[in-house]
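This is run_21.cif (mmCIF, C-alpha atoms).
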data_query
#
loop_
_atom_site.label_atom_id
_atom_site.label_comp_id
_atom_site.auth_asym_id
_atom_site.auth_seq_id
_atom_site.Cartn_x
_atom_site.Cartn_y
_atom_site.Cartn_z
CA GLN A 23 0.06 -14.39 -14.69
CA LYS A 24 -0.75 -11.58 -12.27
CA GLU A 25 -1.44 -12.83 -8.76
CA VAL A 26 -4.11 -10.24 -7.98
CA GLU A 27 -6.23 -8.81 -10.76
CA GLN A 28 -8.60 -5.87 -10.84
CA ASN A 29 -10.43 -4.05 -13.59
CA SER A 30 -8.65 -0.70 -13.93
CA GLY A 31 -11.88 1.14 -14.69
CA PRO A 32 -12.86 3.86 -14.50
CA LEU A 33 -16.03 2.66 -12.81
CA SER A 34 -18.56 5.46 -12.91
CA VAL A 35 -21.61 5.41 -10.63
CA PRO A 36 -24.18 8.09 -9.77
CA GLU A 37 -24.26 9.57 -6.29
CA GLY A 38 -26.31 7.42 -3.93
CA ALA A 39 -25.83 4.21 -5.94
CA ILE A 40 -23.97 1.05 -4.92
CA ALA A 41 -20.43 0.76 -6.26
CA SER A 42 -19.16 -2.79 -6.73
CA LEU A 43 -15.42 -3.33 -6.97
CA ASN A 44 -14.05 -6.75 -7.81
CA CYS A 45 -10.77 -8.57 -7.44
CA THR A 46 -9.59 -12.08 -8.30
CA TYR A 47 -6.48 -13.84 -7.07
CA SER A 48 -4.49 -16.83 -8.22
CA ASP A 49 -2.61 -17.99 -5.10
CA ARG A 50 -4.80 -20.18 -2.90
CA GLY A 51 -2.21 -19.66 -0.15
CA SER A 52 -3.51 -16.14 0.38
CA GLN A 53 -5.16 -15.99 3.78
CA SER A 54 -6.10 -12.35 4.15
CA PHE A 55 -7.27 -9.68 1.78
CA PHE A 56 -7.21 -5.94 2.09
CA TRP A 57 -8.94 -3.02 0.44
CA TYR A 58 -7.12 0.29 0.39
CA ARG A 59 -8.44 3.60 -0.88
CA GLN A 60 -5.99 5.98 -2.49
CA TYR A 61 -6.77 9.54 -3.45
CA SER A 62 -4.66 11.07 -6.20
CA GLY A 63 -1.26 12.08 -4.85
CA LYS A 64 -1.95 10.59 -1.40
CA SER A 65 -0.95 7.35 0.31
CA PRO A 66 -3.13 4.22 0.53
CA GLU A 67 -5.63 4.22 3.38
CA LEU A 68 -6.95 0.94 4.78
CA ILE A 69 -10.69 0.53 4.24
CA MET A 70 -11.24 -3.08 5.28
CA PHE A 71 -9.60 -6.45 5.63
CA ILE A 72 -11.22 -9.86 5.41
CA TYR A 73 -9.93 -13.39 5.97
CA SER A 74 -13.05 -15.52 6.36
CA ASN A 75 -15.44 -16.61 3.64
CA GLY A 76 -18.57 -14.51 3.53
CA ASP A 77 -19.37 -10.88 4.15
CA LYS A 78 -17.89 -8.30 6.47
CA GLU A 79 -19.65 -4.98 6.95
CA ASP A 80 -18.33 -1.68 8.24
CA GLY A 81 -20.62 1.29 7.81
CA ARG A 82 -21.27 1.85 4.09
CA PHE A 83 -18.62 -0.71 3.13
CA THR A 84 -19.06 -4.48 2.74
CA ALA A 85 -16.21 -6.79 1.83
CA GLN A 86 -17.01 -10.22 0.41
CA LEU A 87 -14.65 -13.17 0.15
CA ASN A 88 -15.22 -16.40 -1.76
CA LYS A 89 -12.16 -18.61 -1.43
CA ALA A 90 -13.57 -21.36 -3.63
CA SER A 91 -13.93 -18.91 -6.51
CA GLN A 92 -10.82 -16.93 -5.49
CA TYR A 93 -12.84 -13.75 -5.56
CA VAL A 94 -12.90 -10.68 -3.34
CA SER A 95 -15.23 -7.72 -3.68
CA LEU A 96 -15.96 -4.40 -2.03
CA LEU A 97 -19.42 -2.87 -2.07
CA ILE A 98 -19.87 0.81 -1.28
CA ARG A 99 -23.46 1.75 -0.49
CA ASP A 100 -24.84 5.26 -0.89
CA SER A 101 -21.77 6.30 -2.90
CA GLN A 102 -20.62 9.87 -2.39
CA PRO A 103 -18.42 12.07 -4.59
CA SER A 104 -15.84 11.89 -1.79
CA ASP A 105 -15.57 8.14 -2.48
CA SER A 106 -14.01 8.94 -5.85
CA ALA A 107 -10.53 7.42 -5.65
CA THR A 108 -8.49 4.40 -6.71
CA TYR A 109 -9.29 1.25 -4.75
CA LEU A 110 -6.45 -1.22 -4.33
CA CYS A 111 -7.08 -4.87 -3.56
CA ALA A 112 -4.22 -6.78 -1.93
CA GLY A 113 -3.64 -10.38 -0.88
CA SER A 114 -0.94 -11.86 1.33
CA PRO A 115 0.21 -15.28 0.06
CA THR A 116 3.70 -14.84 1.55
CA ASN A 117 5.46 -12.37 3.82
CA LYS A 118 4.35 -9.46 1.69
CA LEU A 119 1.29 -7.86 0.19
CA ILE A 120 0.54 -8.44 -3.47
CA PHE A 121 -1.41 -5.53 -4.88
CA GLY A 122 -3.75 -5.46 -7.82
CA THR A 123 -3.42 -2.58 -10.25
CA GLY A 124 -6.34 -0.74 -8.65
CA THR A 125 -9.78 0.33 -9.85
CA LEU A 126 -10.54 3.99 -10.38
CA LEU A 127 -13.99 4.85 -9.02
CA ALA A 128 -15.74 8.03 -10.12
CA VAL A 129 -18.96 8.98 -8.30
CA GLN A 130 -20.96 11.44 -10.33
CA PRO A 131 -22.95 14.13 -8.40
CA ASP B 6 -3.61 5.16 16.92
CA THR B 7 -2.52 3.86 13.50
CA GLU B 8 -0.20 6.71 12.55
CA VAL B 9 2.97 6.33 10.55
CA THR B 10 4.86 9.56 9.93
CA GLN B 11 7.30 10.32 7.14
CA THR B 12 9.68 13.20 6.53
CA PRO B 13 10.17 15.13 4.38
CA LYS B 14 6.88 15.41 2.50
CA HIS B 15 8.65 16.58 -0.64
CA LEU B 16 12.27 16.24 -1.72
CA VAL B 17 14.05 17.51 -4.82
CA MET B 18 17.59 16.29 -5.34
CA GLY B 19 20.24 16.21 -8.00
CA MET B 20 21.81 13.02 -9.25
CA THR B 21 24.99 13.62 -7.23
CA ASN B 22 23.25 14.40 -3.94
CA LYS B 23 22.94 12.21 -0.85
CA LYS B 24 19.71 12.45 1.06
CA SER B 25 17.66 10.37 3.50
CA LEU B 26 13.99 9.63 3.95
CA LYS B 27 12.71 9.00 7.46
CA CYS B 28 9.79 6.99 8.79
CA GLU B 29 8.53 6.60 12.34
CA GLN B 30 5.78 4.60 14.04
CA HIS B 31 4.81 4.32 17.69
CA MET B 32 2.32 1.47 17.45
CA GLY B 33 4.74 -1.17 18.70
CA HIS B 34 4.78 -2.76 15.27
CA ARG B 35 7.68 -5.12 14.59
CA ALA B 36 7.64 -5.01 10.79
CA MET B 37 8.36 -1.98 8.63
CA TYR B 38 8.37 -1.58 4.87
CA TRP B 39 9.54 0.70 2.08
CA TYR B 40 7.51 0.92 -1.11
CA LYS B 41 7.98 2.90 -4.30
CA GLN B 42 4.94 4.06 -6.24
CA LYS B 43 4.91 5.54 -9.72
CA ALA B 44 1.88 7.36 -11.11
CA LYS B 45 -1.13 5.14 -11.86
CA LYS B 46 0.69 2.04 -10.60
CA PRO B 47 0.27 0.09 -7.36
CA PRO B 48 2.91 0.32 -4.62
CA GLU B 49 6.00 -1.73 -5.39
CA LEU B 50 7.73 -3.36 -2.42
CA MET B 51 11.40 -2.46 -1.93
CA PHE B 52 12.44 -3.65 1.54
CA VAL B 53 10.98 -5.37 4.59
CA TYR B 54 12.40 -5.17 8.10
CA SER B 55 11.23 -7.64 10.72
CA TYR B 56 12.38 -7.17 14.31
CA GLU B 57 14.91 -4.59 13.07
CA LYS B 58 16.53 -7.02 10.65
CA LEU B 59 16.29 -6.83 6.88
CA SER B 60 14.18 -9.78 5.79
CA ILE B 61 13.29 -8.92 2.19
CA ASN B 62 15.20 -6.93 -0.41
CA GLU B 63 13.34 -6.97 -3.72
CA SER B 64 16.53 -6.67 -5.80
CA VAL B 65 16.62 -2.93 -5.29
CA PRO B 66 19.63 -1.06 -6.77
CA SER B 67 22.37 -0.27 -4.27
CA ARG B 68 21.79 3.47 -4.66
CA PHE B 69 18.93 2.84 -2.21
CA SER B 70 20.19 1.83 1.23
CA PRO B 71 17.73 1.05 4.05
CA GLU B 72 18.48 1.30 7.73
CA CYS B 73 16.46 0.40 10.83
CA PRO B 74 18.09 2.12 13.83
CA ASN B 75 15.43 0.83 16.26
CA SER B 76 11.99 -0.71 16.28
CA SER B 77 10.25 2.63 15.71
CA LEU B 78 12.44 4.15 13.01
CA LEU B 79 13.18 3.32 9.41
CA ASN B 80 15.43 5.29 7.09
CA LEU B 81 16.06 5.11 3.37
CA HIS B 82 19.40 6.57 2.29
CA LEU B 83 19.58 7.82 -1.27
CA HIS B 84 22.73 8.34 -3.32
CA ALA B 85 23.42 8.88 -7.02
CA LEU B 86 19.79 8.51 -8.00
CA GLN B 87 18.50 8.67 -11.54
CA PRO B 88 15.56 10.74 -12.84
CA GLU B 89 13.54 7.53 -13.24
CA ASP B 90 13.74 7.10 -9.46
CA SER B 91 11.34 10.02 -9.09
CA ALA B 92 8.24 8.62 -7.37
CA LEU B 93 6.19 8.57 -4.19
CA TYR B 94 8.08 6.66 -1.50
CA LEU B 95 5.84 5.04 1.06
CA CYS B 96 6.65 3.63 4.45
CA ALA B 97 4.34 1.13 6.11
CA SER B 98 4.29 -0.86 9.32
CA SER B 99 2.47 -3.91 10.65
CA GLN B 100 2.34 -5.90 13.85
CA GLY B 101 4.23 -8.74 12.22
CA THR B 102 4.91 -9.88 8.69
CA GLY B 103 2.79 -12.28 6.69
CA SER B 104 -0.87 -11.45 6.59
CA ASP B 105 -0.86 -8.68 9.22
CA THR B 106 -2.51 -5.42 8.24
CA GLN B 107 -0.10 -2.81 6.92
CA TYR B 108 -0.61 0.87 7.69
CA PHE B 109 0.91 3.41 5.36
CA GLY B 110 2.50 6.76 6.09
CA PRO B 111 1.70 9.84 3.97
CA GLY B 112 4.71 9.30 1.73
CA THR B 113 7.60 11.39 0.45
CA ARG B 114 7.29 12.81 -3.06
CA LEU B 115 10.80 12.55 -4.53
CA THR B 116 11.93 14.37 -7.64
CA VAL B 117 15.38 13.65 -9.08
CA LEU B 118 16.71 16.28 -11.45
#
Let me see the structure of the file written as structure tokens.
Amino acid sequence: QKEVEQNSGPLSVPEGAIASLNCTYSDRGSQSFFWYRQYSGKSPELIMFIYSNGDKEDGRFTAQLNKASQYVSLLIRDSQPSDSATYLCAGSPTNKLIFGTGTLLAVQP
Amino acid sequence: DTEVTQTPKHLVMGMTNKKSLKCEQHMGHRAMYWYKQKAKKPPELMFVYSYEKLSINESVPSRFSPECPNSSLLNLHLHALQPEDSALYLCASSQGTGSDTQYFGPGTRLTVL
């Protein structure tokens, strides 16, 4: 069983819409969760981290964590074509990050 | 400043060559990591250094040899690689291990002929 799971997509949304990216995890020992954005051929770039239940907002991005349901999400408001990338969810149950397989987001102009 | 630098950006090597990848951070982070990433896959952890000591080796073949000369530098020595080792090699650093945020460098694109 994979420890962090994501829908591989692609998730296609029109420009200006809200993109909703979801992630589930199996290890209740995970304390912190991270969202990375990765453009094709580039390295992962940290978007947000969250470790408390509830919502955390940063500009157009909102991360949501529900530890009871073992569910993490990332909302991107007013999606732009430049948001088109693979979004990696990662948890940290031990001394290392466990990545999901990533969700490919395509924002259509 | 959350910058991790890596050199070279691209590397092409034959199976009999010896080469090294370099990583540097000046954020005072005490943990540094090597990852390997193949196309359309997530990063795969190879090694973790904590306070300049190797703390995790994810059963990586001995043709990959890590080295941490000091708290700011991390090297990955390559020898007798196989074509299937071609990938993007990523370095990352964090304040500590565990749940601390990891920051990635730009990566080295390695091609083994």
Item to check | Result set of the PyMOL selection byres ((chain B) within 9 of (chain A)) on the coordinates above, as an NGL selection string | outcome: :B and (44-50 or 53 or 61 or 93 or 95 or 102-112 or 114)
Could you dump the residues just selected with C-alpha atoms as a PDB file, in the coordinates of the input?
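Contents of again.pdb, as written:
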ATOM      1  CA  ALA B  44       1.880   7.360 -11.110  1.00  0.00           C
ATOM      2  CA  LYS B  45      -1.130   5.140 -11.860  1.00  0.00           C
ATOM      3  CA  LYS B  46       0.690   2.040 -10.600  1.00  0.00           C
ATOM      4  CA  PRO B  47       0.270   0.090  -7.360  1.00  0.00           C
ATOM      5  CA  PRO B  48       2.910   0.320  -4.620  1.00  0.00           C
ATOM      6  CA  GLU B  49       6.000  -1.730  -5.390  1.00  0.00           C
ATOM      7  CA  LEU B  50       7.730  -3.360  -2.420  1.00  0.00           C
ATOM      8  CA  VAL B  53      10.980  -5.370   4.590  1.00  0.00           C
ATOM      9  CA  ILE B  61      13.290  -8.920   2.190  1.00  0.00           C
ATOM     10  CA  LEU B  93       6.190   8.570  -4.190  1.00  0.00           C
ATOM     11  CA  LEU B  95       5.840   5.040   1.060  1.00  0.00           C
ATOM     12  CA  THR B 102       4.910  -9.880   8.690  1.00  0.00           C
ATOM     13  CA  GLY B 103       2.790 -12.280   6.690  1.00  0.00           C
ATOM     14  CA  SER B 104      -0.870 -11.450   6.590  1.00  0.00           C
ATOM     15  CA  ASP B 105      -0.860  -8.680   9.220  1.00  0.00           C
ATOM     16  CA  THR B 106      -2.510  -5.420   8.240  1.00  0.00           C
ATOM     17  CA  GLN B 107      -0.100  -2.810   6.920  1.00  0.00           C
ATOM     18  CA  TYR B 108      -0.610   0.870   7.690  1.00  0.00           C
ATOM     19  CA  PHE B 109       0.910   3.410   5.360  1.00  0.00           C
ATOM     20  CA  GLY B 110       2.500   6.760   6.090  1.00  0.00           C
ATOM     21  CA  PRO B 111       1.700   9.840   3.970  1.00  0.00           C
ATOM     22  CA  GLY B 112       4.710   9.300   1.730  1.00  0.00           C
ATOM     23  CA  ARG B 114       7.290  12.810  -3.060  1.00  0.00           C
TER      24      ARG B 114
END
Next on the checklist: I'd like the interatomic distance between atom CA of B:Asn62 and atom CA of B:Gly101, to a tenth of an Å.
Outcome noted: 16.8 Å
Checklist entry - Hey, can you check how far atom CA of B:Ala92 sits from atom CA of B:Gly19? => result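 Pair atom CA of B:Ala92 / atom CA of B:Gly19 returns 14.2 Å.
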Checklist entry - Quick one: which residues end up in the PyMOL selection byres ((chain A and resi 41-51) around 7) for this structure, as a list in words? => result Glu25, Val26, Glu27, Gln28, Val35, Ala39, Ile40, Ser52, Gln53, Gln92, Tyr93, Val94, Ser95, Leu96, Leu97, Ile98, Arg99, Ser101, Cys111 and Pro115 of chain A
Next on the checklist: Is it possible to get the residues within 6 Å of (-17.0, -13.4, 1.2) (coordinates as in the file, counting all atoms listed in the file) written as a VMD selection string?
Outcome noted: chain A and resid 75 to 77 86 to 88
What's around B:Glu72 at 7 Å? Count all atoms listed in the file, leave out sequence neighbours fewer than 4 positions away in its own chain, and write the answer as a JSON list (two decimals) with C-alpha atoms, in the frame of the given file.
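Dumped everything to out_36.json:
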[["chain", "number", "residue", "atom", "x", "y", "z"],
["B", 79, "LEU", "CA", 13.18, 3.32, 9.41],
["B", 80, "ASN", "CA", 15.43, 5.29, 7.09],
["B", 81, "LEU", "CA", 16.06, 5.11, 3.37]]
Next on the checklist: Could you tell me, as a count of residues only, exactly which residues end up selected when the PyMOL selection byres ((chain B and resi 83) around 6) is applied to this structure?
Outcome noted: 7
Next on the checklist: Between atom CA of B:Trp39 and atom CA of B:Pro71, what distance in Å does the model show, to one decimal?
Outcome noted: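 Computing the Euclidean distance for atom CA of B:Trp39 and atom CA of B:Pro71 yields 8.4 Å.
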List the spatial neighbours of B:Lys58 as a PDB file with C-alpha atoms, in the frame of the given file - criterion: any atom at most 12 Å away, all atoms listed in the file, same-chain residues fewer than 6 positions off excluded.
ATOM      1  CA  ARG B  35       7.680  -5.120  14.590  1.00  0.00           C
ATOM      2  CA  ALA B  36       7.640  -5.010  10.790  1.00  0.00           C
ATOM      3  CA  MET B  37       8.360  -1.980   8.630  1.00  0.00           C
ATOM      4  CA  TYR B  38       8.370  -1.580   4.870  1.00  0.00           C
ATOM      5  CA  PHE B  52      12.440  -3.650   1.540  1.00  0.00           C
ATOM      6  CA  PRO B  71      17.730   1.050   4.050  1.00  0.00           C
ATOM      7  CA  GLU B  72      18.480   1.300   7.730  1.00  0.00           C
ATOM      8  CA  CYS B  73      16.460   0.400  10.830  1.00  0.00           C
ATOM      9  CA  PRO B  74      18.090   2.120  13.830  1.00  0.00           C
ATOM     10  CA  ASN B  75      15.430   0.830  16.260  1.00  0.00           C
ATOM     11  CA  SER B  76      11.990  -0.710  16.280  1.00  0.00           C
ATOM     12  CA  LEU B  79      13.180   3.320   9.410  1.00  0.00           C
TER      13      LEU B  79
END
